[in-house]
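Below you'll find the structure, written out as C-alpha cells, and then a few comments.
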Amino acid sequence: MNQRLFSLWQRNPIPPFEGFLFIELSKKPVPYRIARCFAGQIDARQCHALALSSCHISCMATDMVRGRLPRAKLQRSVTSPCLRKLDTMAMLLRGDNLPGQGHPMGTLPVIPQSLHGMLVSPTRIEVAVHLTIGLEHHWVNLILQETGSRWMCVMVDVG
C-alpha cells in the first residue's frame with residue numbers, strides 16, 4: 001500500500017506556493033516558496049500573507065536581539081514564551097560585546113533575501129528566512145501557529 005501511495009504522490013505532487021515579497025529595505029523582490037503537506041484549505045493569498053508576516057517577524061526579531069527594536073513591537077505577533085527566549089538571547093549577545101567593539105551582529109539594516117516554508121498542517125507553518133546584515137548572512141527559523149483567528153509566532157531562532 002505504501003508503494004502505491006508513493007507512486008500516486010509522484011504523479012500528482014501538491015504544488016508549492018511561490019511568489020515575491022516587496023519589502024521596503026530590499027532593493028529587489030524577496031522570493032518565497034511555501035510547500036504543503038496537504039491539499040486545499042489554504043490558498044495563495046493566505047500563503048502570501050503568511051510569507052509577508054514571517055518576513056516581518058524575522059526582521060523585527062533580529063533587530064530586537066541586536067537591541068535596535070523595543071520588545072513591545074513584537075508583542076502582538078509573538079507569544080510571551082518566545083519573547084522571553086529572545087530577551088535571553090539579546091542579553092547573552094550584549095554580554096559577549098566588549099567595550100568599543102560594536103554589536104556582534106552589526107549595526108547595518110536587516111535585509112531579507114529569501115524565504116522557504118512548509119505548511120505542516122492547516123494551522124501551522126515552519127519557515128526559514130535568509131537575511132543579510134551588511135555582508136554577513138543569517139538565518140531565522142520560526143513557527144507560526146493559528147490561535148483562534150490569528151497567526152502567532154510560537155518559536156523563533158535567530159542565527
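Residue names in the C-alpha cells use chain letters A, B, ... in the order shown, residue numbers from 1 in each chain, and ligand numbers from 1 in the order shown.
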
Based on the backbone DSSP call, show me all residues of chain A assigned strand (DSSP E or B), as a ChimeraX atom specification.
/A:17-21,30-36,78,110-121,124-133,136-147,150-158

Fewer than 6 positions away in the same chain doesn't count, so skip those; otherwise give me all residues within 12 Å of Val30 (chain A), counting only C-alpha atoms, as a short mmCIF file (atom, residue, chain, number, x, y, z; two decimals) with N, CA and C atoms, in the first residue's frame.
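Okay, around-v9.cif is ready:
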data_model
loop_
_atom_site.label_atom_id
_atom_site.label_comp_id
_atom_site.auth_asym_id
_atom_site.auth_seq_id
_atom_site.Cartn_x
_atom_site.Cartn_y
_atom_site.Cartn_z
N GLU A 18 4.46 29.91 -4.66
CA GLU A 18 5.67 30.70 -4.87
C GLU A 18 5.28 32.12 -5.24
N GLY A 19 6.15 33.04 -4.92
CA GLY A 19 5.88 34.43 -5.26
C GLY A 19 7.02 35.32 -4.79
N PHE A 20 6.73 36.61 -4.76
CA PHE A 20 7.72 37.60 -4.36
C PHE A 20 7.10 38.55 -3.35
N LEU A 21 7.92 38.96 -2.39
CA LEU A 21 7.53 39.98 -1.42
C LEU A 21 8.26 41.26 -1.77
N PHE A 22 7.58 42.36 -1.67
CA PHE A 22 8.20 43.65 -1.92
C PHE A 22 8.36 44.35 -0.58
N ILE A 23 9.59 44.33 -0.07
CA ILE A 23 9.92 44.85 1.26
C ILE A 23 10.67 46.15 1.08
N GLU A 24 10.36 47.12 1.92
CA GLU A 24 10.93 48.46 1.77
C GLU A 24 12.45 48.52 1.82
N HIS A 48 0.69 34.04 0.79
CA HIS A 48 1.43 35.30 0.60
C HIS A 48 1.42 36.10 1.91
N ALA A 51 3.79 34.47 4.36
CA ALA A 51 5.18 34.74 3.98
C ALA A 51 5.57 36.16 4.39
N LEU A 52 4.69 37.12 4.13
CA LEU A 52 4.96 38.51 4.49
C LEU A 52 5.08 38.67 6.01
N CYS A 55 8.35 37.15 7.22
CA CYS A 55 9.47 38.01 6.87
C CYS A 55 9.59 39.18 7.84
N HIS A 56 8.46 39.83 8.12
CA HIS A 56 8.46 40.96 9.06
C HIS A 56 8.88 40.51 10.46
N ILE A 111 18.33 42.91 5.87
CA ILE A 111 17.75 42.83 4.53
C ILE A 111 17.34 41.39 4.24
N PRO A 112 16.05 41.13 4.03
CA PRO A 112 15.63 39.76 3.70
C PRO A 112 16.06 39.40 2.28
N GLN A 113 16.48 38.14 2.11
CA GLN A 113 16.95 37.66 0.80
C GLN A 113 16.01 36.61 0.20
N SER A 114 15.52 35.70 1.04
CA SER A 114 14.61 34.65 0.55
C SER A 114 13.88 34.03 1.73
N LEU A 115 12.84 33.29 1.41
CA LEU A 115 12.01 32.67 2.44
C LEU A 115 11.55 31.31 1.93
N HIS A 116 11.72 30.29 2.75
CA HIS A 116 11.27 28.94 2.41
C HIS A 116 10.44 28.42 3.58
N VAL A 129 14.02 31.96 7.02
CA VAL A 129 14.20 33.22 6.31
C VAL A 129 15.70 33.52 6.23
N HIS A 130 16.18 33.76 5.02
CA HIS A 130 17.58 34.12 4.80
C HIS A 130 17.67 35.64 4.84
N LEU A 131 18.51 36.16 5.74
CA LEU A 131 18.69 37.60 5.91
C LEU A 131 20.16 37.94 5.72
#

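Taking CA of Arg33 (chain A) as the reference point, CA of Met155 (chain A) is found at 19.8 Å.
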
Taken to one decimal, the CA of Gly159 (chain A)-CA of Leu108 (chain A) distance is 15.9 Å

Leu69 (chain A) environment, 12 Å, only C-alpha atoms, sequence neighbours closer than 6 positions dropped, as a ChimeraX atom specification
/A:57,59-63,75,86-87,90,107,109-110

I'd like the interatomic distance between CA of His137 (chain A) and CA of Leu25 (chain A), to a tenth of an Å.
15.7 Å
